[in-house]
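Here the structure is laid out as structure tokens; the discussion comes afterwards.
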Amino acid sequence: MGKKLMYGALTLSGLVTLMQPLTGSVVHKMAASVFLVLCVAHTIAARQKLTGAEVGLLALLLAAFATGVPALMQGGMAGAVHGVLGILCLCAMVCHGFVRRRALKKKERNCKP
């Protein structure tokens, strides 16, 4: 899978996951599962040693995924925890993308003669 295709699939599945109020819980669960698999594939494809922040981001994503089932069954406090973790994941992933993109641009500028 090409990088652009993987990033596009990550973005699309992430956006569909965020549109849970519009799409419903079944589509949300399927998109979240695809997003989790793509995140793990992205981690493997990057072939870099993970920093502490990236390990934390992956752990946060897994925690948000794990709290989804109790949130669906019980609602209430479990739903609130799942929502907060989801928002934290979103913010952390945006920061991750921004930092990585900026680092890649800087690396490209330094490599050109």
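Chain identifiers are assigned as A, B, and so on, following the order in which chains appear in the structure tokens; residues are numbered from 1 within each chain, and ligands are numbered from 1 in order of appearance.
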*asked:* I'd like the contact shell of Phe65 in chain A - 12 Å cut-off, only C-alpha atoms, skipping same-chain residues fewer than 6 positions apart - returned as JSON, numbers by chain.
replied: {"A": [17, 28, 29, 30, 31, 32, 33, 34, 35, 36, 37, 58, 59, 71, 72, 79, 81, 82, 83, 84, 85, 86, 89]}
(Q) Give me the residues near range 43-54 of chain A as a list in words, where near means some atom within 12 Å (using only C-alpha atoms) and where sequence neighbours in that chain fewer than 5 positions away do not count. (A)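 In the requested form, the answer reads Met1, Gly2, Lys3, Met6, Tyr7, Leu10, Leu36, Val37, Leu38, Ala59, Leu60, Leu61, Cys89, Ala92, Met93, Cys95, His96, Gly97, Val99 and Arg100 of chain A.
You will find CA of Val94 in chain A at 22.0 Å from CA of Leu22 in chain A.
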Nearest to Val69 in chain A, restricted to only C-alpha atoms and choosing among A:Val26, A:Ala41, A:Leu57, A:Cys91, comes out as A:Val26
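Here CA of Leu15 in chain A stands at a distance of 19.2 Å from CA of Ala66 in chain A.
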From CA of Gln74 in chain A to CA of Val40 in chain A the spacing works out at 27.9 Å
Shortest contact to Ser13 in chain A, candidates A:Met77, A:Val27, A:Pro70, A:Phe98, atoms counted only C-alpha atoms, goes to A:Val27
